[in-house]
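Raw entry28.cif, mmCIF, C-alpha atoms and all ligand atoms:
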```cif
data_run
loop_
_atom_site.group_PDB
_atom_site.id
_atom_site.type_symbol
_atom_site.label_atom_id
_atom_site.label_comp_id
_atom_site.auth_asym_id
_atom_site.auth_seq_id
_atom_site.Cartn_x
_atom_site.Cartn_y
_atom_site.Cartn_z
ATOM 1 C CA MET A 1 79.531 83.027 71.618
ATOM 2 C CA ARG A 2 81.774 86.055 71.906
ATOM 3 C CA THR A 3 78.925 88.082 73.412
ATOM 4 C CA LEU A 4 78.201 85.315 75.904
ATOM 5 C CA LEU A 5 81.869 85.140 76.879
ATOM 6 C CA LEU A 6 82.052 88.904 77.312
ATOM 7 C CA THR A 7 78.921 88.817 79.461
ATOM 8 C CA ILE A 8 80.419 86.109 81.668
ATOM 9 C CA VAL A 9 83.713 87.993 82.012
ATOM 10 C CA ALA A 10 81.873 91.235 82.816
ATOM 11 C CA ALA A 11 79.690 89.455 85.389
ATOM 12 C CA ALA A 12 82.742 87.866 87.021
ATOM 13 C CA ALA A 13 84.506 91.233 87.216
ATOM 14 C CA CYS A 14 81.386 92.831 88.652
ATOM 15 C CA HIS A 15 81.000 90.064 91.181
ATOM 16 C CA ALA A 16 84.593 90.525 92.359
ATOM 17 C CA GLN A 17 83.938 94.174 93.117
ATOM 18 C CA ALA A 18 80.893 93.424 95.277
ATOM 19 C CA PRO A 19 81.320 92.783 99.006
ATOM 20 C CA LEU A 20 81.052 89.207 100.141
ATOM 21 C CA PRO A 21 78.154 88.322 102.434
ATOM 22 C CA GLY A 22 79.012 89.660 105.864
ATOM 23 C CA GLN A 23 81.036 92.514 104.425
ATOM 24 C CA ALA A 24 78.215 94.870 103.596
ATOM 25 C CA LEU A 25 78.238 97.209 106.579
ATOM 26 C CA PRO A 26 80.645 100.091 105.953
ATOM 27 C CA GLN A 27 80.909 100.458 109.737
ATOM 28 C CA ALA A 28 82.588 97.035 109.867
ATOM 29 C CA LEU A 29 85.352 97.952 107.444
ATOM 30 C CA PHE A 30 88.525 99.972 107.789
ATOM 31 C CA GLU A 31 89.299 102.444 105.037
ATOM 32 C CA LEU A 32 92.410 101.704 103.008
ATOM 33 C CA ARG A 33 94.463 104.450 104.624
ATOM 34 C CA GLU A 34 93.371 103.362 108.097
ATOM 35 C CA MET A 35 95.334 100.112 107.678
ATOM 36 C CA ASP A 36 99.098 99.688 107.601
ATOM 37 C CA MET A 37 99.970 96.010 107.473
ATOM 38 C CA HIS A 38 103.740 96.641 107.271
ATOM 39 C CA LEU A 39 105.216 99.280 109.570
ATOM 40 C CA HIS A 40 108.838 98.917 110.688
ATOM 41 C CA ALA A 41 109.108 99.688 114.392
ATOM 42 C CA GLY A 42 112.299 97.975 115.574
ATOM 43 C CA PHE A 43 116.001 98.617 115.016
ATOM 44 C CA GLU A 44 115.534 101.160 112.235
ATOM 45 C CA ARG A 45 113.166 103.370 114.228
ATOM 46 C CA GLN A 46 114.673 106.880 114.362
ATOM 47 C CA VAL A 47 112.510 108.154 117.212
ATOM 48 C CA ASP A 48 110.972 106.870 120.408
ATOM 49 C CA MET A 49 108.266 104.240 119.839
ATOM 50 C CA ASN A 50 105.381 106.445 120.972
ATOM 51 C CA ALA A 51 106.491 109.347 118.774
ATOM 52 C CA TRP A 52 106.753 106.914 115.828
ATOM 53 C CA ILE A 53 103.260 105.547 116.389
ATOM 54 C CA ASP A 54 101.900 109.104 116.854
ATOM 55 C CA LEU A 55 102.995 109.883 113.270
ATOM 56 C CA ALA A 56 101.024 106.899 111.938
ATOM 57 C CA ILE A 57 97.940 107.850 113.939
ATOM 58 C CA ALA A 58 98.188 111.496 112.840
ATOM 59 C CA ASP A 59 98.025 110.330 109.204
ATOM 60 C CA GLY A 60 94.891 108.303 109.911
ATOM 61 C CA ARG A 61 96.066 104.819 110.822
ATOM 62 C CA ARG A 62 93.930 102.622 113.103
ATOM 63 C CA VAL A 63 95.219 99.102 112.328
ATOM 64 C CA LEU A 64 98.941 98.366 112.378
ATOM 65 C CA VAL A 65 101.142 95.372 111.776
ATOM 66 C CA LEU A 66 104.322 96.310 113.640
ATOM 67 C CA LEU A 67 107.418 94.393 112.648
ATOM 68 C CA ASP A 68 111.150 94.351 112.098
ATOM 69 C CA HIS A 69 113.578 92.524 109.812
ATOM 70 C CA LEU A 70 114.329 89.282 111.606
ATOM 71 C CA GLU A 71 117.920 89.106 110.373
ATOM 72 C CA LEU A 72 118.828 92.251 112.349
ATOM 73 C CA TYR A 73 118.658 90.168 115.540
ATOM 74 C CA ARG A 74 121.488 87.939 114.363
ATOM 75 C CA PRO A 75 125.140 88.786 114.944
ATOM 76 C CA SER A 76 126.212 91.197 112.189
ATOM 77 C CA ARG A 77 127.611 94.656 111.841
ATOM 78 C CA LYS A 78 124.370 96.062 110.514
ATOM 79 C CA ALA A 79 122.255 95.925 113.669
ATOM 80 C CA ARG A 80 124.810 97.934 115.619
ATOM 81 C CA GLU A 81 124.535 100.810 113.137
ATOM 82 C CA TYR A 82 121.006 101.641 114.233
ATOM 83 C CA LYS A 83 119.927 104.058 116.902
ATOM 84 C CA ALA A 84 117.213 101.973 118.555
ATOM 85 C CA GLY A 85 118.922 99.288 120.555
ATOM 86 C CA TYR A 86 117.659 95.738 121.002
ATOM 87 C CA PRO A 87 119.615 92.779 122.287
ATOM 88 C CA LEU A 88 120.459 90.183 119.682
ATOM 89 C CA GLY A 89 118.851 86.766 119.543
ATOM 90 C CA SER A 90 116.008 85.546 121.680
ATOM 91 C CA GLU A 91 116.253 88.423 124.195
ATOM 92 C CA GLY A 92 115.872 90.923 121.386
ATOM 93 C CA HIS A 93 112.884 89.109 119.869
ATOM 94 C CA LYS A 94 111.129 89.182 123.226
ATOM 95 C CA ALA A 95 112.028 92.828 123.926
ATOM 96 C CA LEU A 96 110.638 93.887 120.546
ATOM 97 C CA MET A 97 107.388 91.969 121.048
ATOM 98 C CA ALA A 98 107.038 93.467 124.552
ATOM 99 C CA ASP A 99 107.384 96.946 122.999
ATOM 100 C CA PHE A 100 104.652 96.049 120.495
ATOM 101 C CA ASP A 101 102.420 94.779 123.353
ATOM 102 C CA ALA A 102 102.834 98.174 125.032
ATOM 103 C CA VAL A 103 101.749 99.974 121.820
ATOM 104 C CA ALA A 104 98.732 97.666 121.618
ATOM 105 C CA LYS A 105 97.467 99.143 124.893
ATOM 106 C CA ARG A 106 97.047 102.560 123.277
ATOM 107 C CA PRO A 107 93.362 103.412 122.834
ATOM 108 C CA GLY A 108 91.842 103.571 119.371
ATOM 109 C CA LEU A 109 94.475 101.350 117.801
ATOM 110 C CA ILE A 110 94.555 97.686 116.763
ATOM 111 C CA VAL A 111 98.076 96.277 116.726
ATOM 112 C CA PHE A 112 99.312 92.964 115.354
ATOM 113 C CA LYS A 113 102.844 91.704 115.874
ATOM 114 C CA GLY A 114 104.918 90.444 112.990
ATOM 115 C CA TRP A 115 108.268 89.800 111.353
ATOM 116 C CA GLU A 116 109.614 90.551 107.928
ATOM 117 C CA ILE A 117 111.732 87.608 106.797
ATOM 118 C CA PHE A 118 114.040 87.520 103.777
ATOM 119 C CA GLU A 119 112.626 85.321 101.008
ATOM 120 C CA GLY A 120 115.931 83.412 100.763
ATOM 121 C CA GLU A 121 115.172 81.744 104.101
ATOM 122 C CA LEU A 122 112.451 79.820 102.286
ATOM 123 C CA ASP A 123 115.364 78.106 100.476
ATOM 124 C CA THR A 124 117.962 77.932 103.248
ATOM 125 C CA GLY A 125 115.766 77.257 106.287
ATOM 126 C CA VAL A 126 113.981 79.414 108.841
ATOM 127 C CA GLU A 127 114.487 80.342 112.493
ATOM 128 C CA PRO A 128 111.465 78.850 114.268
ATOM 129 C CA GLU A 129 111.605 80.389 117.753
ATOM 130 C CA PRO A 130 110.954 84.062 116.850
ATOM 131 C CA MET A 131 108.428 83.031 114.199
ATOM 132 C CA ARG A 132 106.287 81.527 116.951
ATOM 133 C CA LEU A 133 106.003 84.987 118.577
ATOM 134 C CA ALA A 134 104.398 86.523 115.479
ATOM 135 C CA GLU A 135 100.721 86.861 114.614
ATOM 136 C CA VAL A 136 101.568 87.518 110.981
ATOM 137 C CA ILE A 137 104.670 86.991 108.837
ATOM 138 C CA GLY A 138 105.707 88.925 105.739
ATOM 139 C CA TRP A 139 108.228 87.550 103.242
ATOM 140 C CA HIS A 140 110.610 90.159 101.874
ATOM 141 C CA ILE A 141 110.790 89.811 98.105
ATOM 142 C CA SER A 142 114.101 91.429 97.287
ATOM 143 C CA PRO A 143 115.400 93.190 94.192
ATOM 144 C CA ASN A 144 118.890 92.382 95.484
ATOM 145 C CA SER A 145 118.640 88.608 95.179
ATOM 146 C CA ALA A 146 120.808 87.073 92.491
ATOM 147 C CA GLY A 147 119.256 86.357 89.119
ATOM 148 C CA ASN A 148 116.399 87.950 87.279
ATOM 149 C CA ALA A 149 113.863 90.432 88.603
ATOM 150 C CA PRO A 150 110.908 88.832 90.437
ATOM 151 C CA ASP A 151 108.388 87.489 87.919
ATOM 152 C CA GLY A 152 105.433 85.151 87.609
ATOM 153 C CA ARG A 153 107.495 81.960 87.840
ATOM 154 C CA SER A 154 109.488 83.089 90.885
ATOM 155 C CA LEU A 155 106.321 84.318 92.627
ATOM 156 C CA ILE A 156 104.469 81.038 92.036
ATOM 157 C CA ARG A 157 107.474 79.176 93.459
ATOM 158 C CA ARG A 158 107.554 81.421 96.535
ATOM 159 C CA VAL A 159 103.809 81.071 97.106
ATOM 160 C CA ARG A 160 104.147 77.269 97.081
ATOM 161 C CA GLN A 161 107.021 77.482 99.592
ATOM 162 C CA ILE A 162 105.043 79.865 101.819
ATOM 163 C CA MET A 163 102.005 77.586 101.794
ATOM 164 C CA GLU A 164 104.261 74.711 102.798
ATOM 165 C CA ILE A 165 105.902 76.560 105.688
ATOM 166 C CA GLN A 166 102.517 77.849 106.829
ATOM 167 C CA LYS A 167 101.696 74.267 107.825
ATOM 168 C CA ARG A 168 104.354 74.631 110.546
ATOM 169 C CA PHE A 169 103.542 78.252 111.429
ATOM 170 C CA PRO A 170 99.785 78.667 111.032
ATOM 171 C CA VAL A 171 99.559 82.459 110.820
ATOM 172 C CA PRO A 172 98.501 84.680 107.912
ATOM 173 C CA MET A 173 101.446 85.311 105.598
ATOM 174 C CA ILE A 174 102.028 88.228 103.254
ATOM 175 C CA VAL A 175 104.226 88.376 100.184
ATOM 176 C CA PHE A 176 105.817 91.797 100.643
ATOM 177 C CA HIS A 177 106.155 94.184 97.691
ATOM 178 C CA PRO A 178 106.615 91.657 94.846
ATOM 179 C CA PHE A 179 105.367 93.958 92.086
ATOM 180 C CA ASP A 180 107.262 97.168 92.808
ATOM 181 C CA MET A 181 110.457 95.191 93.462
ATOM 182 C CA ARG A 182 110.315 93.926 89.880
ATOM 183 C CA LEU A 183 109.944 97.481 88.576
ATOM 184 C CA GLU A 184 112.863 98.596 90.731
ATOM 185 C CA LYS A 185 115.105 95.835 89.410
ATOM 186 C CA VAL A 186 114.074 96.293 85.769
ATOM 187 C CA GLN A 187 114.873 100.018 86.008
ATOM 188 C CA ARG A 188 118.156 99.336 87.770
ATOM 189 C CA ALA A 189 119.212 96.874 85.046
ATOM 190 C CA ALA A 190 118.280 99.418 82.350
ATOM 191 C CA ARG A 191 120.381 102.127 84.018
ATOM 192 C CA LEU A 192 123.356 99.764 84.250
ATOM 193 C CA GLN A 193 123.074 99.155 80.499
ATOM 194 C CA GLY A 194 122.981 102.909 79.902
ATOM 195 C CA ARG A 195 119.426 102.625 78.624
ATOM 196 C CA GLU A 196 117.055 105.553 79.156
ATOM 197 C CA LEU A 197 114.090 104.613 81.362
ATOM 198 C CA LYS A 198 111.656 106.225 78.956
ATOM 199 C CA THR A 199 112.561 103.583 76.359
ATOM 200 C CA LEU A 200 111.248 100.798 78.635
ATOM 201 C CA THR A 201 107.906 99.402 77.513
ATOM 202 C CA ALA A 202 104.997 97.933 79.466
ATOM 203 C CA ALA A 203 106.136 94.531 78.142
ATOM 204 C CA ASP A 204 109.550 95.060 79.809
ATOM 205 C CA TYR A 205 107.819 95.778 83.102
ATOM 206 C CA ARG A 206 105.107 93.104 82.908
ATOM 207 C CA PHE A 207 105.346 90.616 85.773
ATOM 208 C CA PHE A 208 103.317 87.750 84.332
ATOM 209 C CA GLN A 209 103.430 85.559 81.252
ATOM 210 C CA PRO A 210 100.152 84.230 79.826
ATOM 211 C CA GLY A 211 98.501 81.692 82.137
ATOM 212 C CA GLU A 212 100.479 82.588 85.256
ATOM 213 C CA GLN A 213 97.780 84.796 86.775
ATOM 214 C CA GLN A 214 95.223 81.988 86.429
ATOM 215 C CA GLU A 215 97.695 79.566 88.016
ATOM 216 C CA LEU A 216 98.166 81.901 90.980
ATOM 217 C CA ILE A 217 94.432 82.488 91.366
ATOM 218 C CA GLY A 218 93.924 78.730 91.540
ATOM 219 C CA LEU A 219 96.807 78.254 93.955
ATOM 220 C CA LEU A 220 95.697 81.013 96.332
ATOM 221 C CA ALA A 221 91.954 80.265 96.389
ATOM 222 C CA GLY A 222 90.879 79.762 99.985
ATOM 223 C CA SER A 223 94.410 80.345 101.320
ATOM 224 C CA SER A 224 95.768 82.698 103.956
ATOM 225 C CA VAL A 225 98.521 84.086 101.751
ATOM 226 C CA TYR A 226 98.199 87.745 100.841
ATOM 227 C CA PHE A 227 100.007 90.039 98.399
ATOM 228 C CA GLU A 228 101.110 93.447 99.507
ATOM 229 C CA ILE A 229 100.391 96.595 97.547
ATOM 230 C CA GLY A 230 102.657 99.006 99.400
ATOM 231 C CA ASN A 231 103.066 102.748 99.182
ATOM 232 C CA GLY A 232 106.082 102.191 96.904
ATOM 233 C CA THR A 233 103.447 101.683 94.197
ATOM 234 C CA ALA A 234 102.566 105.412 94.282
ATOM 235 C CA ARG A 235 105.894 106.396 92.735
ATOM 236 C CA TYR A 236 105.587 103.911 89.847
ATOM 237 C CA PHE A 237 101.991 104.940 89.238
ATOM 238 C CA GLN A 238 103.215 108.390 88.179
ATOM 239 C CA ASP A 239 104.833 106.744 85.137
ATOM 240 C CA PRO A 240 102.043 105.824 82.675
ATOM 241 C CA VAL A 241 103.999 102.840 81.306
ATOM 242 C CA CYS A 242 104.630 101.339 84.768
ATOM 243 C CA ARG A 243 101.030 102.081 85.683
ATOM 244 C CA GLN A 244 99.758 100.215 82.625
ATOM 245 C CA ALA A 245 101.914 97.177 83.466
ATOM 246 C CA LEU A 246 100.862 97.182 87.139
ATOM 247 C CA ILE A 247 97.173 97.319 86.239
ATOM 248 C CA ALA A 248 97.544 94.490 83.708
ATOM 249 C CA ASP A 249 99.393 92.383 86.298
ATOM 250 C CA ILE A 250 97.359 93.056 89.428
ATOM 251 C CA ARG A 251 93.776 93.801 88.430
ATOM 252 C CA PRO A 252 92.990 90.299 87.083
ATOM 253 C CA LEU A 253 94.355 88.820 90.339
ATOM 254 C CA ALA A 254 92.100 91.045 92.453
ATOM 255 C CA GLU A 255 89.114 90.226 90.257
ATOM 256 C CA GLY A 256 89.978 86.538 90.539
ATOM 257 C CA GLY A 257 89.793 86.651 94.342
ATOM 258 C CA VAL A 258 93.459 87.027 95.339
ATOM 259 C CA GLN A 259 93.686 88.891 98.652
ATOM 260 C CA PHE A 260 95.805 92.005 99.082
ATOM 261 C CA THR A 261 97.040 94.183 101.930
ATOM 262 C CA ALA A 262 97.435 97.962 102.256
ATOM 263 C CA SER A 263 100.677 99.169 103.777
ATOM 264 C CA THR A 264 103.326 101.871 103.918
ATOM 265 C CA ASP A 265 106.502 99.798 104.555
ATOM 266 C CA ASN A 266 107.707 102.934 106.358
ATOM 267 C CA HIS A 267 111.152 102.671 107.958
ATOM 268 C CA SER A 268 112.202 106.271 108.466
ATOM 269 C CA LEU A 269 110.963 109.738 109.366
ATOM 270 C CA ALA A 270 111.431 110.676 105.711
ATOM 271 C CA ASN A 271 109.100 107.781 104.717
ATOM 272 C CA ALA A 272 106.524 108.945 107.280
ATOM 273 C CA LYS A 273 106.392 112.374 105.597
ATOM 274 C CA VAL A 274 105.154 110.785 102.349
ATOM 275 C CA PRO A 275 101.348 110.857 102.479
ATOM 276 C CA PHE A 276 99.682 107.439 102.472
ATOM 277 C CA ARG A 277 96.861 107.625 99.929
ATOM 278 C CA PRO A 278 96.464 104.008 98.779
ATOM 279 C CA GLU A 279 93.094 104.699 97.133
ATOM 280 C CA GLU A 280 94.960 106.658 94.441
ATOM 281 C CA TYR A 281 96.443 103.433 93.028
ATOM 282 C CA ASP A 282 94.356 100.662 94.617
ATOM 283 C CA GLN A 283 91.195 101.787 92.847
ATOM 284 C CA ALA A 284 92.778 101.412 89.399
ATOM 285 C CA LEU A 285 94.294 98.072 90.476
ATOM 286 C CA GLY A 286 90.869 96.719 91.496
ATOM 287 C CA VAL A 287 92.045 96.322 95.096
ATOM 288 C CA THR A 288 88.997 97.211 97.167
ATOM 289 C CA VAL A 289 88.342 98.014 100.785
ATOM 290 C CA PHE A 290 86.488 94.677 101.073
ATOM 291 C CA ASN A 291 89.484 92.784 99.751
ATOM 292 C CA THR A 292 92.044 94.501 101.992
ATOM 293 C CA ASN A 293 89.915 94.075 105.119
ATOM 294 C CA THR A 294 90.062 90.295 104.809
ATOM 295 C CA ILE A 295 93.419 89.980 106.565
ATOM 296 C CA VAL A 296 92.286 92.259 109.390
ATOM 297 C CA ARG A 297 89.208 90.097 109.893
ATOM 298 C CA GLU A 298 91.280 86.932 109.850
ATOM 299 C CA LEU A 299 93.781 88.296 112.380
ATOM 300 C CA LEU A 300 90.977 89.477 114.674
ATOM 301 C CA ALA A 301 89.245 86.109 114.411
ATOM 302 C CA LEU A 302 92.463 84.262 115.265
ATOM 303 C CA ARG A 303 93.005 86.545 118.252
ATOM 304 C CA ALA A 304 89.429 86.044 119.471
ATOM 305 C CA LYS A 305 89.775 82.286 119.131
ATOM 306 C CA ARG A 306 93.044 82.215 121.045
ATOM 307 C CA ALA A 307 91.409 84.260 123.836
ATOM 308 C CA ALA A 308 88.385 81.928 123.898
ATOM 309 C CA ASN A 309 90.666 78.890 124.079
ATOM 310 C CA ARG A 310 92.424 80.359 127.120
ATOM 311 C CA ASN A 311 89.139 80.782 129.029
HETATM 312 ZN ZN ZN B 401 109.604 96.044 105.091
#
```

Please render this file's structure as C-alpha cells.
Amino acid sequence: MRTLLLTIVAAAACHAQAPLPGQALPQALFELREMDMHLHAGFERQVDMNAWIDLAIADGRRVLVLLDHLELYRPSRKAREYKAGYPLGSEGHKALMADFDAVAKRPGLIVFKGWEIFEGELDTGVEPEPMRLAEVIGWHISPNSAGNAPDGRSLIRRVRQIMEIQKRFPVPMIVFHPFDMRLEKVQRAARLQGRELKTLTAADYRFFQPGEQQELIGLLAGSSVYFEIGNGTARYFQDPVCRQALIADIRPLAEGGVQFTASTDNHSLANAKVPFRPEEYDQALGVTVFNTNTIVRELLALRAKRAANRN
C-alpha cells in the first residue's frame, strides 16, 4: 500500500513538472528572467520612463507588467514626495496608462498595464474606475497590516475575496509577495522581542498548517488567480532555514497546479542593480517556466480576443 501511494505521489509530482499539451515548444515560452510581472513605473520612478525600461531590457526582460500603487493617486502627502509627477485621481490614472501605452510601442517588448492595490481594500471596498483601465491587478499583501504575519488562513481568505471581486473585474489577478512578506514580519517580530534571527526555526517561518495547501489547490484549480514569487525571495533563500520553509510551503502548491508569476517588484534604481535570476530559487520551489508562462498566455489571449471583438 505504502509503495503504491509513493508511486502515485511520485507520478503526480512528475506530471506537474511536465509541460501541458500546447506548451511543448521552447520557442513559445519566455524564460523566467525574461518576464517581470510586477515592475513599478509610476510615482516612485527615479528616472525618465524610457531610461527605466532600458534597465529592464538590459537585464533581459521581454514581458513586463507595468504598474503603480493605486493609493498614490488619492489625496495624501505621500504622492507629493515623489519625483515623477502625475495628477491625482482620474487624470493621473489616465496619464499613467497613456505612459504605459507609449512603452508598449517599443519594439521587442510585450507590455501589460496593471495596478497594485492594497489588500485591505478587499475588506473596505475598491475604487472601480481605475481598475477598469487595468489588464491585470495585483493585490499587495502587506507585512504592515495589523495582526499576525500572513499565513495559510489569511491567504485562503484573501483568495476567496479576490475570486469574488474578479466577477466584477474579469482580469487575471495576482497575489503579490505573500510568502516573503510572512518571513519579513516573522523576523521583524523576533527582532522586537530581542530574539536572535538564527534561533528562528523552519516551523516559525512555515506559512501553512496541515491541510491548508490542499485547500488552496482545490480553491485555485481552473482559476485566474496567481501567486507571485518575487525577487525578494532571493534574499531569504540565502538562509537555509528560510529556504527550507519556503520549499515546504511552495513546492507542493506548484506540484498541485497552482500558478505562479516571476517578477522583480523593482521600485528604485537600487532595486534595478540587483540581478534578477529567478531560476536560482524557482527551480528548488518547483516553479517552472511552463507554470510561469501561463499568465502571459492568458493575458495575450485576452488581448487578442478584445482586438477580434473590435473588428
Ligand atoms: Zn509592488

Checklist entry - Using all atoms listed in the file, which of A:Leu67, A:Leu55, A:Cys242, A:Ala28 sits nearest ligand ZN 401 (chain B)? => result A:Leu67

Checklist entry - Neighbours of ligand ZN 401 (chain B) within 9 Å, counting all atoms listed in the file, as a PyMOL selection string? => result chain A and resi 38-40+67-69+115-117+138-140+176-177+264-267

Next on the checklist: Around (103.9, 81.1, 89.0), as given in the file, which residues come within 7 Å? Count all atoms listed in the file and list them as a count of residues only.
Outcome noted: 9

Item to check | Output check: residues returned by the PyMOL selection byres (((chain A and resi 44-53) around 7) and not hetatm), as a list in words | outcome: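 Output of the PyMOL selection byres (((chain A and resi 44-53) around 7) and not hetatm): Ala41, Gly42, Phe43, Asp54, Leu55, Ala56, Ile57, Tyr82, Lys83, Ala84, His267, Ser268 and Leu269 of chain A.
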
Item to check | Selection near Arg182 of chain A, 10 Å with only C-alpha atoms, sequence-local residues under 6 positions removed, as a PyMOL selection string | outcome: chain A and resi 141-143+148-151+188+205-207

Checklist outcome for this item: Counting only C-alpha atoms, the residue among A:Gly222, A:Pro172, A:Ala95, A:Tyr281 that lies closest to Leu246 of chain A is A:Tyr281

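Reported to one decimal place, the separation of atom CA of Leu183 of chain A from atom CA of Met37 of chain A is 21.4 Å.
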
Item to check | Given all atoms listed in the file as the counted atoms, nearest of A:Glu196, A:Glu81, A:Asp36, A:Glu279 to Asp59 of chain A | outcome: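 Using all atoms listed in the file, Asp59 of chain A sits closest to A:Asp36.
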
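Between atom CA of Arg74 of chain A and atom CA of Gly92 of chain A the separation is 9.5 Å.
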
Item to check | Selection dump of the PyMOL selection byres (((chain A and resi 131) around 10) and not hetatm), as a list in words | outcome: Leu70, His93, Gly114, Trp115, Glu116, Ile117, Val126, Glu127, Pro128, Glu129, Pro130, Arg132, Leu133, Ala134, Glu135, Val136, Ile137, Phe169 and Val171 of chain A

Preceding selection exported with C-alpha atoms as a compact mmCIF listing (two decimals), in the coordinates of the input:
```
# COMPACT_ATOMS: atom_id res chain seq x y z
CA LEU A 70 114.33 89.28 111.61
CA HIS A 93 112.88 89.11 119.87
CA GLY A 114 104.92 90.44 112.99
CA TRP A 115 108.27 89.80 111.35
CA GLU A 116 109.61 90.55 107.93
CA ILE A 117 111.73 87.61 106.80
CA VAL A 126 113.98 79.41 108.84
CA GLU A 127 114.49 80.34 112.49
CA PRO A 128 111.46 78.85 114.27
CA GLU A 129 111.60 80.39 117.75
CA PRO A 130 110.95 84.06 116.85
CA ARG A 132 106.29 81.53 116.95
CA LEU A 133 106.00 84.99 118.58
CA ALA A 134 104.40 86.52 115.48
CA GLU A 135 100.72 86.86 114.61
CA VAL A 136 101.57 87.52 110.98
CA ILE A 137 104.67 86.99 108.84
CA PHE A 169 103.54 78.25 111.43
CA VAL A 171 99.56 82.46 110.82
```

Take segment 22-40 of chain A, model N, CA and C atoms, and hand the result over as a PDB file, keeping the file's coordinate frame.
```pdb
ATOM      1  N   GLY A  22      78.341  89.367 104.597  1.00  0.00           N
ATOM      2  CA  GLY A  22      79.012  89.660 105.864  1.00  0.00           C
ATOM      3  C   GLY A  22      80.027  90.779 105.761  1.00  0.00           C
ATOM      4  N   GLN A  23      80.106  91.382 104.577  1.00  0.00           N
ATOM      5  CA  GLN A  23      81.036  92.514 104.425  1.00  0.00           C
ATOM      6  C   GLN A  23      80.293  93.736 103.913  1.00  0.00           C
ATOM      7  N   ALA A  24      79.014  93.812 104.209  1.00  0.00           N
ATOM      8  CA  ALA A  24      78.215  94.870 103.596  1.00  0.00           C
ATOM      9  C   ALA A  24      78.131  96.135 104.438  1.00  0.00           C
ATOM     10  N   LEU A  25      78.361  96.024 105.733  1.00  0.00           N
ATOM     11  CA  LEU A  25      78.238  97.209 106.579  1.00  0.00           C
ATOM     12  C   LEU A  25      79.524  98.034 106.518  1.00  0.00           C
ATOM     13  N   PRO A  26      79.430  99.262 106.007  1.00  0.00           N
ATOM     14  CA  PRO A  26      80.645 100.091 105.953  1.00  0.00           C
ATOM     15  C   PRO A  26      81.256 100.292 107.341  1.00  0.00           C
ATOM     16  N   GLN A  27      80.410 100.266 108.358  1.00  0.00           N
ATOM     17  CA  GLN A  27      80.909 100.458 109.737  1.00  0.00           C
ATOM     18  C   GLN A  27      81.862  99.344 110.164  1.00  0.00           C
ATOM     19  N   ALA A  28      81.764  98.191 109.480  1.00  0.00           N
ATOM     20  CA  ALA A  28      82.588  97.035 109.867  1.00  0.00           C
ATOM     21  C   ALA A  28      83.907  96.978 109.096  1.00  0.00           C
ATOM     22  N   LEU A  29      84.151  97.991 108.293  1.00  0.00           N
ATOM     23  CA  LEU A  29      85.352  97.952 107.444  1.00  0.00           C
ATOM     24  C   LEU A  29      86.269  99.128 107.741  1.00  0.00           C
ATOM     25  N   PHE A  30      87.551  98.887 107.686  1.00  0.00           N
ATOM     26  CA  PHE A  30      88.525  99.972 107.789  1.00  0.00           C
ATOM     27  C   PHE A  30      88.792 100.518 106.383  1.00  0.00           C
ATOM     28  N   GLU A  31      88.915 101.825 106.307  1.00  0.00           N
ATOM     29  CA  GLU A  31      89.299 102.444 105.037  1.00  0.00           C
ATOM     30  C   GLU A  31      90.734 102.035 104.696  1.00  0.00           C
ATOM     31  N   LEU A  32      91.064 102.117 103.438  1.00  0.00           N
ATOM     32  CA  LEU A  32      92.410 101.704 103.008  1.00  0.00           C
ATOM     33  C   LEU A  32      93.499 102.404 103.819  1.00  0.00           C
ATOM     34  N   ARG A  33      93.370 103.717 103.958  1.00  0.00           N
ATOM     35  CA  ARG A  33      94.463 104.450 104.624  1.00  0.00           C
ATOM     36  C   ARG A  33      94.448 104.288 106.142  1.00  0.00           C
ATOM     37  N   GLU A  34      93.402 103.641 106.658  1.00  0.00           N
ATOM     38  CA  GLU A  34      93.371 103.362 108.097  1.00  0.00           C
ATOM     39  C   GLU A  34      94.205 102.131 108.457  1.00  0.00           C
ATOM     40  N   MET A  35      94.597 101.357 107.425  1.00  0.00           N
ATOM     41  CA  MET A  35      95.334 100.112 107.678  1.00  0.00           C
ATOM     42  C   MET A  35      96.784 100.257 107.213  1.00  0.00           C
ATOM     43  N   ASP A  36      97.702  99.808 108.039  1.00  0.00           N
ATOM     44  CA  ASP A  36      99.098  99.688 107.601  1.00  0.00           C
ATOM     45  C   ASP A  36      99.604  98.331 108.066  1.00  0.00           C
ATOM     46  N   MET A  37      99.636  97.392 107.136  1.00  0.00           N
ATOM     47  CA  MET A  37      99.970  96.010 107.473  1.00  0.00           C
ATOM     48  C   MET A  37     101.465  95.733 107.297  1.00  0.00           C
ATOM     49  N   HIS A  38     102.279  96.806 107.431  1.00  0.00           N
ATOM     50  CA  HIS A  38     103.740  96.641 107.271  1.00  0.00           C
ATOM     51  C   HIS A  38     104.405  97.949 107.718  1.00  0.00           C
ATOM     52  N   LEU A  39     104.570  98.080 109.024  1.00  0.00           N
ATOM     53  CA  LEU A  39     105.216  99.280 109.570  1.00  0.00           C
ATOM     54  C   LEU A  39     106.425  98.846 110.395  1.00  0.00           C
ATOM     55  N   HIS A  40     107.608  99.269 109.962  1.00  0.00           N
ATOM     56  CA  HIS A  40     108.838  98.917 110.688  1.00  0.00           C
ATOM     57  C   HIS A  40     108.897  99.701 111.985  1.00  0.00           C
TER      58      HIS A  40
END
```
